[in-house]
Amino acid sequence: MKITKILSLLLAILMLASLIACTPTPPANNDTPGDNTGDNGDGDNETPEYETITIAQALELCGEPGNITTERYYIRATIKTVVNAAYGQMVIEDETGEISVYGTYSSDGEINYSAMDEKPVKGDEVLLHCILQNYNGTKEVKNARLIEFKKNEANIDLSTYVLSTVFQARGANAGDKVRVSGVVAAITYANGMKPNGFVLVDHSQSIYVYSGDVAQQVKVGNKVEIAASKTYWILGDEQSNAEKFGYKGCNQLEDAYLLSNDNKTDNAFDKSWIKNSTVKRMLDTPVTEDVTTQIFKVNALVSKVPGSGFTNYYFNDLDGKTGTYTYTQCNGSDFSWLDQYDGKICTVYLMILNAKSTNSGCVYRFLPVAVEDNGFTFDKSLTAQHVVEYYGIPQFLATYSGDPALELVTSVSSELLGFEGATLTYTSSNTDVVDIKTEGDKTVMHCGNVGWAQITIEATYGDTKYSWIIKVTVTGNTDVPSVNVAGAIAAAKGETVTVKGIVGPSLVNKTGFYLIDETGVIAIQTDAETMAAVQIGHEVILTGVRHINTKGGANYFGQSCINDAKIVANAYGKNEYSTATFVTDKTLKDLVGMDIKTDYTTTVFVVKVSVKVVESTHYTNYYLTDDQGTELLLYSASGKQYSWLNDFAGKEITVEIALCNWNDKTDYRGCVLAVITEDGKVYNELNFTK
C-alpha cells in the first residue's frame with residue numbers, strides 16, 4: 001500500500017515537471033520595456049525572448065478586407081522608410097516581405113511617435129507589438145507599440161562620398177556622391193504636412209535636400225552632416241518640355257543619410273554669401289542658368305490671398321505686381337507662418353526651388369527660407385530709376401514687324417512706395433524708323449522704315465533723373481507666305497504650318513489664344529513671351545506645329561490646336577475678328593449633346609445662356625445653363641480664371657463659346673470667348689498682358 005502511494009506521488013511529480021518543461025516563456029509585459037536600443041549593458045542580463053512572426057505571416061493574418069485581429073503579435077523588422085513622422089506611419093521589411101505600419105506608439109501606448117525623445121528611423125531594427133488589419137484591401141500593422149529598437153549604422157561606404165562644401169556639391173555631376181555639412185535653414189512639406197525635404201546652407205551656398213527620412217529627423221537651426229547623391233530633378237511628364245527650353249532641373253541632393261546632428265535649434269544659417277537681387281530679376285533669369293535652390297536676398301511685398309480650400313502667398317516686387325506665389329503641396333498651410341507679414345514689404349531670403357515645365361515654357365516656383373520685417377521705407381532718391389526699370393523699359397519689344405501705335409506711359413505714382421507724379425519721356429535717335437509723337441494727351445510710338453533706332457527713356461522725380469537706352473529694330477517683314485486658318489486646320493498632325501489670322505480671345509488653363517479669320521478658328525498654344533507681344537485684334541502671322549491634344553483614347557477626338565507657336569510677323573492693329581464661321585443656330589442642349597468622337601473644338605457657337613457659379617470649400621466652378629436645366633461646365637484650373645463672368649451671374653446673356661477637350665474627358669467642356677452686350681463685347685483676356 002505504501003509502495004503504491006509512493007509510485008503515484010512520483011508519477012504526479014514527473015507529470016508536473018513535464019508540463020512545466022513544455023510551457024513557453026511568457027513575453028515581457030508591455031509596460032516593462034521602454035524605448036531603447038535593445039542593448040542590455042555589460043551582458044550580465046539576458047535579452048528577453050519574444051515569440052515573433054515574420055512579415056509574410058503578418059500579411060496572411062491580415063485576412064480579407066474588413067478583418068482586424070483581436071490578438072497582438074510581435075514583429076521584428078527593419079524600417080524601410082518613415083512615411084509620416086507626425087504619427088509614426090512607416091514601412092517595415094524583413095527577408096519575407098514588407099508591410100505598412102499605420103501609427104507607432106511607446107510600449108505602453110501612451111506616447112505617439114512624434115513625441116518620443118528617442119525614436120527609430122530608416123535603417124533601424126524595431127520590435128513592434130501590434131494589431132493586424134486589412135483596411136479596404138490594404139494589409140497593414142495598426143496601433144504598433146514600440147517594444148525596443150536597435151540603431152543601425154547607415155549601410156553605405158563613406159569612402160565613396162567626396163567631402164564637399166555646398167558650393168562644390170552644387171557643381172557636382174548628377175549621380176556623384178557627396179558628404180556635406182551645414183545648417184538646416186527651412187523644411188518643406190508634402191500633402192498632410194509630411195516633411196519631405198530641407199534647405200541646407202553652409203558658408204559657400206545653399207542646396208535643397210530631397211529626403212523625407214532625414215527631414216523628419218531634423219529641425220530648423222540644426223547643424224548636420226549628410227551623405228547624399230547629387231541630382232537634377234524634373235517631374236517625369238515635364239522632361240520633354242524642360243529639354244525644349246533648356247531647363248536642366250532642380251539642383252538638389254537625394255538618397256540622403258544623416259551622419260550627425262548637433263540637435264541645437266539656434267544655429268543661424270550663413271548669409272554672408274547671399275547676393276542682393278529683386279523679384280523681377282529672379283523671374284527674368286533664364287532657365288538655362290543653374291540658379292535653382294540658390295537663395296537670394298530681396299525686398300518683396302508679401303501678400304496672403306485666400307482661395308477655395310487653399311491659400312496662396314505671393315512675393316511681389318516693389319511695383320506690387322511683378323512676382324509669383326510660393327510653391328505648396330499643403331494648400332498653403334505650410335506657410336501660415338507668413339500671415340504676420342501680410343501686406344508688408346519685407347526682407348525676404350527667397351529661393352527658386354524649381355521650375356514647372358509646360359509646353360508654353362518654364363515657370364519658376366519660389367520658396368521663402370526666411371523673412372525679416374525691418375520696417376521697410378523706400379528710398380525716394382531711387383524713384384526715377386525704379387520708374388524706368390519697372391514702367392518704362394517693359395513697354396518695348398526688341399523687334400517690331402509693323403506699326404504697333406503703342407501708347408506710352410508718361411506719369412507714374414505709387415501709393416505702396418509713397419511717391420507721386422514721376423514723369424517719363426522718350427526720344428528716338430532715328431525718327432524714320434521709330435517716331436515718338438504727341439497725339440492729343442497721349443504719347444504714342446510708331447514704327448516706320450526698316451532699320452533700327454535707339455530709344456532713350458528718361459524719368460524725372462523732383463531733382464533726380466535717370467535714363468536708359470534701348471535698341472529697337474523694325475523689320476517690316478509682314479509679307480510672309482502663309483495659309484489661312486482653314487488651311488492650318490486641314491494640315492496633318494505633326495506638320496509645321498505658317499498661318500495668318502487675327503488674335504482672338506484667350507484660352508483658359510493653357511497659355512495661348514484663339515486665332516480667327518473668315519475661314520475658321522483654332523486654338524494656339526504659345527509661351528508667355530509671345531503673349532506679352534500680342535493683343536486681341538492684332539493681325540499676325542505665326543508658325544507652329546499642327547497638333548491634336550489627346551492621350552490616344554479611341555473614344556475621344558481630343559483638342560485641335562497649333563503648338564509651340566511663334567510670331568513671324570505682327571501687323572498690329574485693332575481689328576475685329578471675323579464671325580463668318582460662327583454657328584448661331586444651336587442651343588446649349590445641342591452643345592452638351594455633341595459627339596465626343598467628332599472634332600467640334602474648331603467651331604465657335606453663339607448661344608443664349610445664364611452663368612451659374614458653384615462655390616465650395618475647396619473649389620469654384622462656372623457653368624453655362626439654360627431654362628431647361630441644361631448645364632455645361634467651363635474648363636479651368638481655378639474658378640478665378642472665370643471671375644470676369646461674375647458680373648453676368650444669374651443673368652441671361654449671349655456668349656461666343658468654343659467646345660474644348662484638352663484632357664480626354666468623356667464629354668466636352670466650354671471656353672467662353674466673349675459675352676455680347678448692348679455696348680459691345682466683353683472679351684476673355686485672361687492670358688493677355690494688360
# chains A, B, ... in the order shown; residues from 1 in each chain; ligands from 1
call {"tool": "residues_around", "arguments": {"residues": "His129 of chain A", "least_positions_apart": "4", "cutoff": "7 Å", "atoms": "only C-alpha atoms", "output": "list in words"}}
result
Arg72, Tyr73, Tyr74, Ile75, Ala144, Arg145, Leu146 and Ile147 of chain A
call {"tool": "closest_atom_pairs", "arguments": {"of": "segment 606-650 of chain A", "to": "segment 323-331 of chain A", "cutoff": "12 Å", "atoms": "only C-alpha atoms", "output": "JSON lines"}}
result
{"residue": "A:Thr617", "atom": "CA", "partner": "A:Asn331", "partner_atom": "CA", "distance": 12.0}
{"residue": "A:His618", "atom": "CA", "partner": "A:Asn331", "partner_atom": "CA", "distance": 9.6}
{"residue": "A:Tyr619", "atom": "CA", "partner": "A:Asn331", "partner_atom": "CA", "distance": 11.8}
call {"tool": "closest_atom_pairs", "arguments": {"of": "segment 514-577 of chain A", "to": "segment 483-498 of chain A", "cutoff": "12 Å", "atoms": "only C-alpha atoms", "output": "tab-separated table"}}
result
residue	atom	partner	partner_atom	distance
A:Tyr514	CA	A:Val485	CA	10.5
A:Leu515	CA	A:Val485	CA	7.5
A:Ile516	CA	A:Val485	CA	6.8
A:Asp517	CA	A:Val485	CA	6.3
A:Glu518	CA	A:Val485	CA	8.2
A:Thr519	CA	A:Ala486	CA	5.3
A:Gly520	CA	A:Ala486	CA	5.5
A:Val521	CA	A:Val485	CA	6.4
A:Ile522	CA	A:Val485	CA	7.0
A:Ala523	CA	A:Ile489	CA	9.9
A:Ile524	CA	A:Ala488	CA	11.0
A:Val540	CA	A:Thr498	CA	10.4
A:Ile541	CA	A:Thr498	CA	6.8
A:Leu542	CA	A:Thr498	CA	5.6
A:Thr543	CA	A:Thr498	CA	4.3
A:Gly544	CA	A:Thr496	CA	5.5
A:Val545	CA	A:Thr496	CA	4.4
A:Arg546	CA	A:Lys493	CA	5.2
A:His547	CA	A:Lys493	CA	5.0
A:Ile548	CA	A:Lys493	CA	6.6
A:Asn549	CA	A:Lys493	CA	9.9
A:Thr550	CA	A:Lys493	CA	11.5
A:Gln559	CA	A:Ile489	CA	11.5
A:Ser560	CA	A:Ile489	CA	7.8
A:Cys561	CA	A:Ile489	CA	8.1
A:Ile562	CA	A:Ala488	CA	8.2
A:Asn563	CA	A:Thr496	CA	9.4
A:Asp564	CA	A:Thr496	CA	9.8
A:Ala565	CA	A:Thr498	CA	9.3
A:Lys566	CA	A:Thr498	CA	9.5
A:Ile567	CA	A:Thr498	CA	9.5
A:Val568	CA	A:Thr498	CA	8.4
A:Ala569	CA	A:Thr498	CA	10.5
call {"tool": "write_last_selection", "arguments": {"atoms": "C-alpha atoms", "output": "mmCIF file, in the first residue's frame"}}
result
data_model
loop_
_atom_site.group_PDB
_atom_site.id
_atom_site.type_symbol
_atom_site.label_atom_id
_atom_site.label_comp_id
_atom_site.auth_asym_id
_atom_site.auth_seq_id
_atom_site.Cartn_x
_atom_site.Cartn_y
_atom_site.Cartn_z
ATOM 1 C CA TYR A 514 -7.804 81.612 -80.466
ATOM 2 C CA LEU A 515 -6.630 82.568 -83.965
ATOM 3 C CA ILE A 516 -9.568 83.589 -86.138
ATOM 4 C CA ASP A 517 -10.226 84.570 -89.741
ATOM 5 C CA GLU A 518 -13.147 84.325 -92.151
ATOM 6 C CA THR A 519 -12.382 80.612 -92.754
ATOM 7 C CA GLY A 520 -12.245 79.256 -89.197
ATOM 8 C CA VAL A 521 -10.970 79.226 -85.615
ATOM 9 C CA ILE A 522 -8.147 77.261 -83.987
ATOM 10 C CA ALA A 523 -6.549 77.225 -80.529
ATOM 11 C CA ILE A 524 -2.952 78.486 -80.404
ATOM 12 C CA VAL A 540 -0.354 88.147 -87.005
ATOM 13 C CA ILE A 541 1.468 85.500 -88.964
ATOM 14 C CA LEU A 542 2.686 82.672 -86.792
ATOM 15 C CA THR A 543 4.368 79.334 -87.211
ATOM 16 C CA GLY A 544 3.747 76.221 -85.125
ATOM 17 C CA VAL A 545 3.040 72.505 -85.169
ATOM 18 C CA ARG A 546 -0.420 71.200 -86.042
ATOM 19 C CA HIS A 547 -1.459 69.023 -83.153
ATOM 20 C CA ILE A 548 -4.376 67.069 -81.706
ATOM 21 C CA ASN A 549 -4.095 67.057 -77.950
ATOM 22 C CA THR A 550 -5.112 63.543 -76.859
ATOM 23 C CA GLN A 559 -8.392 69.044 -78.843
ATOM 24 C CA SER A 560 -7.308 70.595 -82.145
ATOM 25 C CA CYS A 561 -4.566 73.171 -81.747
ATOM 26 C CA ILE A 562 -1.296 74.591 -83.018
ATOM 27 C CA ASN A 563 1.539 74.027 -80.553
ATOM 28 C CA ASP A 564 4.832 75.853 -79.945
ATOM 29 C CA ALA A 565 3.562 78.889 -81.847
ATOM 30 C CA LYS A 566 5.937 81.773 -82.548
ATOM 31 C CA ILE A 567 5.086 85.103 -84.136
ATOM 32 C CA VAL A 568 6.726 85.544 -87.543
ATOM 33 C CA ALA A 569 5.144 88.911 -88.252
#
call {"tool": "select_by_dssp", "arguments": {"residues": "segment 325-436 of chain A", "states": "strand (DSSP E)", "output": "PyMOL selection string"}}
result
chain A and resi 325+345-358+361-372+399-400+406-408+411-414+419-428+434-436
call {"tool": "atom_distance", "arguments": {"atom1": "atom CA of Glu529 of chain A", "atom2": "atom CA of Thr292 of chain A"}}
result
20.9 Å
call {"tool": "residues_around", "arguments": {"residues": "Asp667 of chain A", "least_positions_apart": "4", "cutoff": "9 Å", "atoms": "only C-alpha atoms", "output": "list in words"}}
result
Tyr556, Val592, Gly593, Met594, Asp595, Ile596 and Asn661 of chain A
call {"tool": "residues_around", "arguments": {"residues": "segment 451-455 of chain A", "least_positions_apart": "3", "cutoff": "9 Å", "atoms": "only C-alpha atoms", "output": "count of residues only"}}
result
20
call {"tool": "residues_around", "arguments": {"residues": "Asn241 of chain A", "least_positions_apart": "2", "cutoff": "7 Å", "atoms": "only C-alpha atoms", "output": "PyMOL selection string"}}
result
chain A and resi 238-239+243-245+357-359
call {"tool": "residues_around", "arguments": {"residues": "Ala370 of chain A", "least_positions_apart": "2", "cutoff": "10 Å", "atoms": "only C-alpha atoms", "output": "PyMOL selection string"}}
result
chain A and resi 185-186+295+297+338+347-351+367-368+372
call {"tool": "write_last_selection", "arguments": {"atoms": "C-alpha atoms", "output": "PDB file, in the first residue's frame"}}
result
ATOM      1  CA  ALA A 185      17.510  76.680 -42.949  1.00  0.00           C
ATOM      2  CA  ALA A 186      13.996  75.502 -43.883  1.00  0.00           C
ATOM      3  CA  ILE A 295      18.954  81.774 -52.000  1.00  0.00           C
ATOM      4  CA  LYS A 297      18.035  88.465 -50.702  1.00  0.00           C
ATOM      5  CA  LEU A 338       3.783  84.190 -43.254  1.00  0.00           C
ATOM      6  CA  THR A 347      13.471  91.491 -46.468  1.00  0.00           C
ATOM      7  CA  VAL A 348      12.964  88.001 -47.862  1.00  0.00           C
ATOM      8  CA  TYR A 349      15.581  85.297 -48.289  1.00  0.00           C
ATOM      9  CA  LEU A 350      13.959  83.779 -51.330  1.00  0.00           C
ATOM     10  CA  MET A 351      14.863  80.620 -53.222  1.00  0.00           C
ATOM     11  CA  LEU A 367      10.366  79.009 -51.587  1.00  0.00           C
ATOM     12  CA  PRO A 368      10.743  81.595 -48.782  1.00  0.00           C
ATOM     13  CA  GLU A 372      12.552  89.801 -41.750  1.00  0.00           C
TER      14      GLU A 372
END
call {"tool": "residues_around", "arguments": {"residues": "segment 134-138 of chain A", "least_positions_apart": "5", "cutoff": "10 Å", "atoms": "only C-alpha atoms", "output": "PDB file with N, CA and C atoms, in the first residue's frame"}}
result
ATOM      1  N   LEU A  59       1.105  39.345 -43.080  1.00  0.00           N
ATOM      2  CA  LEU A  59       0.248  39.610 -44.229  1.00  0.00           C
ATOM      3  C   LEU A  59      -0.858  38.563 -44.338  1.00  0.00           C
ATOM      4  N   GLU A  60      -0.516  37.310 -44.014  1.00  0.00           N
ATOM      5  CA  GLU A  60      -1.506  36.235 -44.052  1.00  0.00           C
ATOM      6  C   GLU A  60      -2.566  36.444 -42.971  1.00  0.00           C
ATOM      7  N   LEU A  61      -2.122  36.876 -41.787  1.00  0.00           N
ATOM      8  CA  LEU A  61      -3.049  37.077 -40.671  1.00  0.00           C
ATOM      9  C   LEU A  61      -3.977  38.276 -40.882  1.00  0.00           C
ATOM     10  N   CYS A  62      -3.581  39.212 -41.770  1.00  0.00           N
ATOM     11  CA  CYS A  62      -4.436  40.375 -42.044  1.00  0.00           C
ATOM     12  C   CYS A  62      -5.781  39.936 -42.636  1.00  0.00           C
ATOM     13  N   GLY A  63      -5.761  38.840 -43.351  1.00  0.00           N
ATOM     14  CA  GLY A  63      -7.005  38.269 -43.850  1.00  0.00           C
ATOM     15  C   GLY A  63      -7.669  39.076 -44.941  1.00  0.00           C
ATOM     16  N   GLU A  64      -8.992  38.927 -45.027  1.00  0.00           N
ATOM     17  CA  GLU A  64      -9.779  39.575 -46.063  1.00  0.00           C
ATOM     18  C   GLU A  64     -10.101  41.022 -45.676  1.00  0.00           C
ATOM     19  N   PRO A  65     -10.499  41.855 -46.655  1.00  0.00           N
ATOM     20  CA  PRO A  65     -10.872  43.245 -46.357  1.00  0.00           C
ATOM     21  C   PRO A  65     -11.895  43.334 -45.233  1.00  0.00           C
ATOM     22  N   GLY A  66     -11.635  44.221 -44.296  1.00  0.00           N
ATOM     23  CA  GLY A  66     -12.513  44.407 -43.153  1.00  0.00           C
ATOM     24  C   GLY A  66     -12.076  43.635 -41.921  1.00  0.00           C
ATOM     25  N   ASN A  67     -11.135  42.695 -42.087  1.00  0.00           N
ATOM     26  CA  ASN A  67     -10.686  41.891 -40.958  1.00  0.00           C
ATOM     27  C   ASN A  67      -9.720  42.678 -40.077  1.00  0.00           C
ATOM     28  N   ILE A  68      -9.806  42.494 -38.765  1.00  0.00           N
ATOM     29  CA  ILE A  68      -8.867  43.071 -37.809  1.00  0.00           C
ATOM     30  C   ILE A  68      -8.680  42.071 -36.682  1.00  0.00           C
ATOM     31  N   THR A  69      -7.440  41.845 -36.281  1.00  0.00           N
ATOM     32  CA  THR A  69      -7.176  40.820 -35.263  1.00  0.00           C
ATOM     33  C   THR A  69      -7.483  41.351 -33.874  1.00  0.00           C
ATOM     34  N   ILE A  99       5.565  45.566 -45.056  1.00  0.00           N
ATOM     35  CA  ILE A  99       4.201  45.903 -44.675  1.00  0.00           C
ATOM     36  C   ILE A  99       4.187  47.323 -44.133  1.00  0.00           C
ATOM     37  N   SER A 100       3.049  48.017 -44.320  1.00  0.00           N
ATOM     38  CA  SER A 100       2.897  49.372 -43.798  1.00  0.00           C
ATOM     39  C   SER A 100       2.490  49.336 -42.335  1.00  0.00           C
TER      40      SER A 100
END
call {"tool": "closest_residue", "arguments": {"among": "A:Arg365, A:Lys574, A:Lys612, A:Lys223", "to": "Val287 of chain A", "atoms": "only C-alpha atoms"}}
result
A:Arg365
call {"tool": "atom_distance", "arguments": {"atom1": "atom CA of Asn143 of chain A", "atom2": "atom CA of Tyr189 of chain A"}}
result
24.4 Å
